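Here is the structure we will look at.
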Amino acid sequence: MMQEELKDWGNELLQIHLPRWEELPSFDLYIDQVITLIQGYLDPLFPNVEESILTSAMINNYVKLKLIPKAEKKRYQRVHLAYLLAITILKQVLTISQVKEGIDYQANVNGLKDAFNLFIVELESSLTSAGKQLIGEENVLKIDGINMNNRAMKMATLAFASKLVVQKTLEVQAKSCNNE
C-alpha cells in the first residue's frame with residue numbers, strides 16, 4: 001500500500017510542467033493575481049501545505065531585500081513572476097541570501113530570461129528523476145550536464161526534489177503507521 005502510494009505520486013511528478021518565460025502572462029497583474037497565479041503553478045509541488053506558499057508580505061519583503069524589482073504602479077510583470085517562482089522554490093532548500101546570490105549569478109551569466117528557463121528545465125529534470133526513482137525506473141537521482149555555471153542551480157533543484165521525496169515518504173509512512 002505504502003509503495004503504491006509513492007509510485008502514484010512518482011507518476012504525478014513525471015507529469016509536472018512549469019511555465020517557461022514565454023508562457024508567463026505578458027500583461028500586468030495586481031499582487032493578489034500574482035499570488036493566485038504562483039500558487040496555481042506550484043500547487044502540484046505543495047499539495048498538502050496548509051498556509052499560503054506566497055503572501056503579499058513575502059513579496060514586499062523580497063522587494064525590500066532587492067530580490068525582486070519594485071512593482072510599477074502596483075502592477076507586476078512577467079519578470080516578477082519569474083523571480084517569485086524561482087524564489088519560492090529555492091527558499092525551500094537555501095537561505096534567502098543564497099537565493100539572491102544564485103539568481104544574481106545566473107542572471108549575469110545567462111540573462112534573466114534564459115536563466116529562468118534553464119532553472120525550470122533543471123527543476124523539471126530533477127522532479128522527473130525523483131519520480132522515476134519512486135516508480136522504480138532509476139536507482140539514483142541523475143546528475144547530468146553539470147558545468148561550473150549551472151552546478152549550484154542543478155544541485156539546488158536536486159535538493160528540492162529530494163526534500164519533496166523525503167517529505168512525501170514520511171507522510172506516507174506516518175499514515176501507514178496510523179492505519180496499523
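Here, A, B, ... name the chains of the C-alpha cells in the order displayed, residue numbers run from 1 inside each chain, and ligands are numbered from 1 in the same displayed order.
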Find the residues near segment 146-160 of chain A: any atom within 9 Å, counting only C-alpha atoms, skip ones fewer than 2 places away on the same chain, and give them as a PDB file with all heavy atoms, in the first residue's frame.
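File around_38.pdb, as written:
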ATOM      1  N   ILE A  89      10.629  28.348  -4.838  1.00  0.00           N
ATOM      2  CA  ILE A  89      11.219  27.007  -4.882  1.00  0.00           C
ATOM      3  C   ILE A  89      12.542  26.979  -4.125  1.00  0.00           C
ATOM      4  O   ILE A  89      12.763  26.144  -3.249  1.00  0.00           O
ATOM      5  CB  ILE A  89      11.462  26.556  -6.345  1.00  0.00           C
ATOM      6  CG1 ILE A  89      10.147  26.392  -7.090  1.00  0.00           C
ATOM      7  CG2 ILE A  89      12.305  25.284  -6.404  1.00  0.00           C
ATOM      8  CD1 ILE A  89       9.259  25.294  -6.608  1.00  0.00           C
ATOM      9  N   LEU A  90      13.422  27.893  -4.469  1.00  0.00           N
ATOM     10  CA  LEU A  90      14.776  27.856  -3.916  1.00  0.00           C
ATOM     11  C   LEU A  90      14.828  28.090  -2.413  1.00  0.00           C
ATOM     12  O   LEU A  90      15.687  27.541  -1.729  1.00  0.00           O
ATOM     13  CB  LEU A  90      15.665  28.865  -4.646  1.00  0.00           C
ATOM     14  CG  LEU A  90      15.964  28.522  -6.103  1.00  0.00           C
ATOM     15  CD1 LEU A  90      16.660  29.690  -6.801  1.00  0.00           C
ATOM     16  CD2 LEU A  90      16.786  27.249  -6.205  1.00  0.00           C
ATOM     17  N   GLN A  92      13.105  26.886  -0.287  1.00  0.00           N
ATOM     18  CA  GLN A  92      12.823  25.621   0.402  1.00  0.00           C
ATOM     19  C   GLN A  92      14.105  24.895   0.796  1.00  0.00           C
ATOM     20  O   GLN A  92      14.095  24.063   1.706  1.00  0.00           O
ATOM     21  CB  GLN A  92      11.968  24.701  -0.485  1.00  0.00           C
ATOM     22  CG  GLN A  92      10.681  25.306  -0.981  1.00  0.00           C
ATOM     23  CD  GLN A  92       9.760  25.730   0.136  1.00  0.00           C
ATOM     24  OE1 GLN A  92       9.531  24.981   1.081  1.00  0.00           O
ATOM     25  NE2 GLN A  92       9.237  26.943   0.042  1.00  0.00           N
ATOM     26  N   VAL A  93      15.209  25.207   0.088  1.00  0.00           N
ATOM     27  CA  VAL A  93      16.463  24.484   0.346  1.00  0.00           C
ATOM     28  C   VAL A  93      17.676  25.401   0.558  1.00  0.00           C
ATOM     29  O   VAL A  93      18.755  24.910   0.874  1.00  0.00           O
ATOM     30  CB  VAL A  93      16.771  23.477  -0.794  1.00  0.00           C
ATOM     31  CG1 VAL A  93      15.742  22.363  -0.802  1.00  0.00           C
ATOM     32  CG2 VAL A  93      16.840  24.150  -2.144  1.00  0.00           C
ATOM     33  N   LEU A  94      17.487  26.704   0.381  1.00  0.00           N
ATOM     34  CA  LEU A  94      18.588  27.660   0.537  1.00  0.00           C
ATOM     35  C   LEU A  94      18.152  28.821   1.417  1.00  0.00           C
ATOM     36  O   LEU A  94      16.959  29.085   1.552  1.00  0.00           O
ATOM     37  CB  LEU A  94      19.013  28.215  -0.836  1.00  0.00           C
ATOM     38  CG  LEU A  94      19.516  27.223  -1.875  1.00  0.00           C
ATOM     39  CD1 LEU A  94      19.669  27.910  -3.219  1.00  0.00           C
ATOM     40  CD2 LEU A  94      20.841  26.615  -1.432  1.00  0.00           C
ATOM     41  N   GLY A 102      22.526  33.271  -5.965  1.00  0.00           N
ATOM     42  CA  GLY A 102      22.377  32.356  -7.098  1.00  0.00           C
ATOM     43  C   GLY A 102      21.618  32.971  -8.257  1.00  0.00           C
ATOM     44  O   GLY A 102      22.009  32.823  -9.421  1.00  0.00           O
ATOM     45  N   ILE A 103      20.532  33.671  -7.957  1.00  0.00           N
ATOM     46  CA  ILE A 103      19.750  34.313  -9.019  1.00  0.00           C
ATOM     47  C   ILE A 103      20.579  35.393  -9.703  1.00  0.00           C
ATOM     48  O   ILE A 103      20.599  35.487 -10.931  1.00  0.00           O
ATOM     49  CB  ILE A 103      18.424  34.881  -8.461  1.00  0.00           C
ATOM     50  CG1 ILE A 103      17.481  33.729  -8.120  1.00  0.00           C
ATOM     51  CG2 ILE A 103      17.772  35.833  -9.462  1.00  0.00           C
ATOM     52  CD1 ILE A 103      16.195  34.156  -7.418  1.00  0.00           C
ATOM     53  N   TYR A 105      23.806  35.593  -9.939  1.00  0.00           N
ATOM     54  CA  TYR A 105      24.854  34.954 -10.736  1.00  0.00           C
ATOM     55  C   TYR A 105      24.292  34.448 -12.067  1.00  0.00           C
ATOM     56  O   TYR A 105      24.836  34.729 -13.136  1.00  0.00           O
ATOM     57  CB  TYR A 105      25.506  33.803  -9.961  1.00  0.00           C
ATOM     58  CG  TYR A 105      26.534  33.066 -10.784  1.00  0.00           C
ATOM     59  CD1 TYR A 105      27.804  33.603 -10.957  1.00  0.00           C
ATOM     60  CD2 TYR A 105      26.226  31.872 -11.422  1.00  0.00           C
ATOM     61  CE1 TYR A 105      28.757  32.948 -11.737  1.00  0.00           C
ATOM     62  CE2 TYR A 105      27.164  31.214 -12.200  1.00  0.00           C
ATOM     63  CZ  TYR A 105      28.423  31.758 -12.354  1.00  0.00           C
ATOM     64  OH  TYR A 105      29.347  31.116 -13.142  1.00  0.00           O
ATOM     65  N   GLN A 106      23.195  33.694 -11.990  1.00  0.00           N
ATOM     66  CA  GLN A 106      22.614  33.125 -13.212  1.00  0.00           C
ATOM     67  C   GLN A 106      22.122  34.215 -14.163  1.00  0.00           C
ATOM     68  O   GLN A 106      22.289  34.098 -15.374  1.00  0.00           O
ATOM     69  CB  GLN A 106      21.467  32.170 -12.871  1.00  0.00           C
ATOM     70  CG  GLN A 106      21.919  30.848 -12.315  1.00  0.00           C
ATOM     71  CD  GLN A 106      22.778  30.067 -13.293  1.00  0.00           C
ATOM     72  OE1 GLN A 106      22.512  30.022 -14.490  1.00  0.00           O
ATOM     73  NE2 GLN A 106      23.823  29.451 -12.787  1.00  0.00           N
ATOM     74  N   VAL A 109      25.196  35.594 -15.900  1.00  0.00           N
ATOM     75  CA  VAL A 109      25.819  34.650 -16.835  1.00  0.00           C
ATOM     76  C   VAL A 109      24.941  34.412 -18.058  1.00  0.00           C
ATOM     77  O   VAL A 109      25.420  34.409 -19.193  1.00  0.00           O
ATOM     78  CB  VAL A 109      26.122  33.301 -16.131  1.00  0.00           C
ATOM     79  CG1 VAL A 109      26.525  32.229 -17.120  1.00  0.00           C
ATOM     80  CG2 VAL A 109      27.212  33.489 -15.094  1.00  0.00           C
ATOM     81  N   LEU A 118      16.307  27.990 -17.943  1.00  0.00           N
ATOM     82  CA  LEU A 118      17.241  26.938 -17.544  1.00  0.00           C
ATOM     83  C   LEU A 118      16.868  26.391 -16.159  1.00  0.00           C
ATOM     84  O   LEU A 118      16.873  25.174 -15.943  1.00  0.00           O
ATOM     85  CB  LEU A 118      18.678  27.462 -17.534  1.00  0.00           C
ATOM     86  CG  LEU A 118      19.763  26.488 -17.080  1.00  0.00           C
ATOM     87  CD1 LEU A 118      19.818  25.258 -17.984  1.00  0.00           C
ATOM     88  CD2 LEU A 118      21.115  27.190 -17.044  1.00  0.00           C
ATOM     89  N   PHE A 119      16.514  27.272 -15.248  1.00  0.00           N
ATOM     90  CA  PHE A 119      16.090  26.848 -13.912  1.00  0.00           C
ATOM     91  C   PHE A 119      14.877  25.930 -13.999  1.00  0.00           C
ATOM     92  O   PHE A 119      14.839  24.871 -13.362  1.00  0.00           O
ATOM     93  CB  PHE A 119      15.785  28.069 -13.035  1.00  0.00           C
ATOM     94  CG  PHE A 119      15.141  27.717 -11.733  1.00  0.00           C
ATOM     95  CD1 PHE A 119      15.875  27.106 -10.723  1.00  0.00           C
ATOM     96  CD2 PHE A 119      13.798  27.979 -11.508  1.00  0.00           C
ATOM     97  CE1 PHE A 119      15.279  26.772  -9.512  1.00  0.00           C
ATOM     98  CE2 PHE A 119      13.194  27.646 -10.306  1.00  0.00           C
ATOM     99  CZ  PHE A 119      13.938  27.033  -9.309  1.00  0.00           C
ATOM    100  N   GLU A 122      15.880  22.549 -15.406  1.00  0.00           N
ATOM    101  CA  GLU A 122      16.620  21.789 -14.390  1.00  0.00           C
ATOM    102  C   GLU A 122      15.680  21.275 -13.302  1.00  0.00           C
ATOM    103  O   GLU A 122      15.807  20.137 -12.851  1.00  0.00           O
ATOM    104  CB  GLU A 122      17.723  22.645 -13.761  1.00  0.00           C
ATOM    105  CG  GLU A 122      18.884  22.942 -14.676  1.00  0.00           C
ATOM    106  CD  GLU A 122      19.709  21.721 -15.045  1.00  0.00           C
ATOM    107  OE1 GLU A 122      19.525  20.632 -14.459  1.00  0.00           O
ATOM    108  OE2 GLU A 122      20.550  21.857 -15.945  1.00  0.00           O
ATOM    109  N   LEU A 123      14.731  22.108 -12.900  1.00  0.00           N
ATOM    110  CA  LEU A 123      13.782  21.698 -11.873  1.00  0.00           C
ATOM    111  C   LEU A 123      12.923  20.540 -12.364  1.00  0.00           C
ATOM    112  O   LEU A 123      12.772  19.536 -11.662  1.00  0.00           O
ATOM    113  CB  LEU A 123      12.899  22.879 -11.459  1.00  0.00           C
ATOM    114  CG  LEU A 123      11.835  22.591 -10.407  1.00  0.00           C
ATOM    115  CD1 LEU A 123      12.455  22.056  -9.123  1.00  0.00           C
ATOM    116  CD2 LEU A 123      11.022  23.850 -10.136  1.00  0.00           C
ATOM    117  N   GLU A 124      12.391  20.650 -13.564  1.00  0.00           N
ATOM    118  CA  GLU A 124      11.580  19.560 -14.106  1.00  0.00           C
ATOM    119  C   GLU A 124      12.397  18.290 -14.281  1.00  0.00           C
ATOM    120  O   GLU A 124      11.911  17.188 -14.029  1.00  0.00           O
ATOM    121  CB  GLU A 124      10.936  19.977 -15.434  1.00  0.00           C
ATOM    122  CG  GLU A 124       9.787  20.941 -15.243  1.00  0.00           C
ATOM    123  CD  GLU A 124       9.152  21.368 -16.552  1.00  0.00           C
ATOM    124  OE1 GLU A 124       9.654  21.002 -17.646  1.00  0.00           O
ATOM    125  OE2 GLU A 124       8.142  22.098 -16.497  1.00  0.00           O
ATOM    126  N   SER A 125      13.654  18.431 -14.684  1.00  0.00           N
ATOM    127  CA  SER A 125      14.539  17.274 -14.823  1.00  0.00           C
ATOM    128  C   SER A 125      14.755  16.590 -13.469  1.00  0.00           C
ATOM    129  O   SER A 125      14.702  15.358 -13.367  1.00  0.00           O
ATOM    130  CB  SER A 125      15.882  17.715 -15.416  1.00  0.00           C
ATOM    131  OG  SER A 125      16.815  16.671 -15.394  1.00  0.00           O
ATOM    132  N   SER A 126      14.960  17.375 -12.441  1.00  0.00           N
ATOM    133  CA  SER A 126      15.150  16.819 -11.097  1.00  0.00           C
ATOM    134  C   SER A 126      13.879  16.146 -10.601  1.00  0.00           C
ATOM    135  O   SER A 126      13.924  15.071  -9.989  1.00  0.00           O
ATOM    136  CB  SER A 126      15.584  17.918 -10.128  1.00  0.00           C
ATOM    137  OG  SER A 126      16.867  18.401 -10.474  1.00  0.00           O
ATOM    138  N   LEU A 127      12.727  16.758 -10.855  1.00  0.00           N
ATOM    139  CA  LEU A 127      11.450  16.158 -10.452  1.00  0.00           C
ATOM    140  C   LEU A 127      11.180  14.870 -11.218  1.00  0.00           C
ATOM    141  O   LEU A 127      10.697  13.888 -10.648  1.00  0.00           O
ATOM    142  CB  LEU A 127      10.308  17.159 -10.659  1.00  0.00           C
ATOM    143  CG  LEU A 127      10.348  18.400  -9.769  1.00  0.00           C
ATOM    144  CD1 LEU A 127       9.331  19.427 -10.245  1.00  0.00           C
ATOM    145  CD2 LEU A 127      10.136  18.044  -8.306  1.00  0.00           C
ATOM    146  N   SER A 129      13.490  12.881 -12.477  1.00  0.00           N
ATOM    147  CA  SER A 129      14.423  11.894 -11.944  1.00  0.00           C
ATOM    148  C   SER A 129      13.912  11.325 -10.618  1.00  0.00           C
ATOM    149  O   SER A 129      13.950  10.106 -10.396  1.00  0.00           O
ATOM    150  CB  SER A 129      15.795  12.542 -11.774  1.00  0.00           C
ATOM    151  OG  SER A 129      16.753  11.593 -11.401  1.00  0.00           O
ATOM    152  N   ALA A 130      13.388  12.187  -9.754  1.00  0.00           N
ATOM    153  CA  ALA A 130      12.828  11.726  -8.480  1.00  0.00           C
ATOM    154  C   ALA A 130      11.611  10.839  -8.725  1.00  0.00           C
ATOM    155  O   ALA A 130      11.453   9.794  -8.081  1.00  0.00           O
ATOM    156  CB  ALA A 130      12.443  12.918  -7.604  1.00  0.00           C
ATOM    157  N   LEU A 141      19.138   9.631  -8.275  1.00  0.00           N
ATOM    158  CA  LEU A 141      18.808  10.871  -8.969  1.00  0.00           C
ATOM    159  C   LEU A 141      19.940  11.192  -9.935  1.00  0.00           C
ATOM    160  O   LEU A 141      21.109  11.127  -9.565  1.00  0.00           O
ATOM    161  CB  LEU A 141      18.615  12.005  -7.961  1.00  0.00           C
ATOM    162  CG  LEU A 141      17.416  11.864  -7.030  1.00  0.00           C
ATOM    163  CD1 LEU A 141      17.413  12.994  -6.006  1.00  0.00           C
ATOM    164  CD2 LEU A 141      16.120  11.849  -7.792  1.00  0.00           C
ATOM    165  N   LYS A 142      19.584  11.508 -11.157  1.00  0.00           N
ATOM    166  CA  LYS A 142      20.608  11.763 -12.182  1.00  0.00           C
ATOM    167  C   LYS A 142      21.231  13.140 -12.037  1.00  0.00           C
ATOM    168  O   LYS A 142      20.546  14.112 -11.758  1.00  0.00           O
ATOM    169  CB  LYS A 142      19.997  11.647 -13.575  1.00  0.00           C
ATOM    170  CG  LYS A 142      19.831  10.228 -14.022  1.00  0.00           C
ATOM    171  CD  LYS A 142      19.572  10.189 -15.497  1.00  0.00           C
ATOM    172  CE  LYS A 142      19.584   8.754 -15.939  1.00  0.00           C
ATOM    173  NZ  LYS A 142      19.299   8.620 -17.335  1.00  0.00           N
ATOM    174  N   ILE A 143      22.514  13.164 -12.275  1.00  0.00           N
ATOM    175  CA  ILE A 143      23.259  14.418 -12.249  1.00  0.00           C
ATOM    176  C   ILE A 143      24.026  14.514 -13.564  1.00  0.00           C
ATOM    177  O   ILE A 143      25.203  14.219 -13.639  1.00  0.00           O
ATOM    178  CB  ILE A 143      24.220  14.480 -11.041  1.00  0.00           C
ATOM    179  CG1 ILE A 143      23.446  14.264  -9.746  1.00  0.00           C
ATOM    180  CG2 ILE A 143      24.956  15.799 -11.009  1.00  0.00           C
ATOM    181  CD1 ILE A 143      24.319  14.168  -8.514  1.00  0.00           C
ATOM    182  N   ASP A 144      23.303  14.905 -14.612  1.00  0.00           N
ATOM    183  CA  ASP A 144      23.903  15.045 -15.941  1.00  0.00           C
ATOM    184  C   ASP A 144      24.102  16.515 -16.285  1.00  0.00           C
ATOM    185  O   ASP A 144      23.384  17.376 -15.808  1.00  0.00           O
ATOM    186  CB  ASP A 144      22.975  14.440 -17.017  1.00  0.00           C
ATOM    187  CG  ASP A 144      22.821  12.941 -16.889  1.00  0.00           C
ATOM    188  OD1 ASP A 144      23.745  12.304 -16.357  1.00  0.00           O
ATOM    189  OD2 ASP A 144      21.779  12.425 -17.321  1.00  0.00           O
ATOM    190  N   SER A 162      14.654  16.110  -3.833  1.00  0.00           N
ATOM    191  CA  SER A 162      14.938  15.146  -2.758  1.00  0.00           C
ATOM    192  C   SER A 162      14.140  15.471  -1.505  1.00  0.00           C
ATOM    193  O   SER A 162      13.606  14.576  -0.848  1.00  0.00           O
ATOM    194  CB  SER A 162      16.432  15.133  -2.434  1.00  0.00           C
ATOM    195  OG  SER A 162      17.173  14.694  -3.549  1.00  0.00           O
ATOM    196  N   LYS A 163      14.048  16.749  -1.171  1.00  0.00           N
ATOM    197  CA  LYS A 163      13.270  17.164   0.001  1.00  0.00           C
ATOM    198  C   LYS A 163      11.803  16.773  -0.167  1.00  0.00           C
ATOM    199  O   LYS A 163      11.178  16.283   0.769  1.00  0.00           O
ATOM    200  CB  LYS A 163      13.400  18.673   0.212  1.00  0.00           C
ATOM    201  CG  LYS A 163      12.631  19.173   1.417  1.00  0.00           C
ATOM    202  CD  LYS A 163      12.760  20.673   1.590  1.00  0.00           C
ATOM    203  CE  LYS A 163      11.898  21.121   2.774  1.00  0.00           C
ATOM    204  NZ  LYS A 163      11.880  22.561   2.925  1.00  0.00           N
ATOM    205  N   LEU A 164      11.255  16.960  -1.365  1.00  0.00           N
ATOM    206  CA  LEU A 164       9.865  16.563  -1.615  1.00  0.00           C
ATOM    207  C   LEU A 164       9.673  15.068  -1.400  1.00  0.00           C
ATOM    208  O   LEU A 164       8.683  14.640  -0.811  1.00  0.00           O
ATOM    209  CB  LEU A 164       9.439  16.933  -3.033  1.00  0.00           C
ATOM    210  CG  LEU A 164       9.243  18.407  -3.357  1.00  0.00           C
ATOM    211  CD1 LEU A 164       8.812  18.568  -4.818  1.00  0.00           C
ATOM    212  CD2 LEU A 164       8.237  19.067  -2.428  1.00  0.00           C
ATOM    213  N   VAL A 165      10.627  14.280  -1.882  1.00  0.00           N
ATOM    214  CA  VAL A 165      10.539  12.823  -1.730  1.00  0.00           C
ATOM    215  C   VAL A 165      10.601  12.442  -0.245  1.00  0.00           C
ATOM    216  O   VAL A 165       9.831  11.596   0.210  1.00  0.00           O
ATOM    217  CB  VAL A 165      11.640  12.100  -2.543  1.00  0.00           C
ATOM    218  CG1 VAL A 165      11.693  10.614  -2.201  1.00  0.00           C
ATOM    219  CG2 VAL A 165      11.408  12.300  -4.037  1.00  0.00           C
TER     220      VAL A 165
END
message: For Leu29 of chain A, find every residue with an atom within 9 Å (counting only C-alpha atoms), except residues of its own chain fewer than 2 positions away, and show them as a ChimeraX atom specification.
response: /A:25,27,31-34,74-78
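Closest approach to Leu37 of chain A among A:Leu81, A:Lys64, A:Val166, A:Ile87 is made by A:Leu81 (distances from only C-alpha atoms).
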field: Closest of A:Glu137, A:Glu22, A:Asp114, A:Glu101 to Leu65 of chain A - atom-to-atom distances counting only C-alpha atoms
entry: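 Result for the nearest residue to Leu65 of chain A: A:Glu101.
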task: Apply DSSP to the backbone of this structure and, from chain A, keep only the residues in alpha helix (DSSP H); write these as a PyMOL selection string.
output: chain A and resi 2-15+31-42+56-64+78-90+96-110+112-135+151-179
field: One-decimal distance in Å that lies between atom CA of His17 of chain A and atom CA of Glu4 of chain A
entry: 22.7 Å
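Using only C-alpha atoms, the smallest distance between any of A:Ile59, A:Leu85, A:Ala115, A:Ile120 and Ile38 of chain A comes from A:Leu85.
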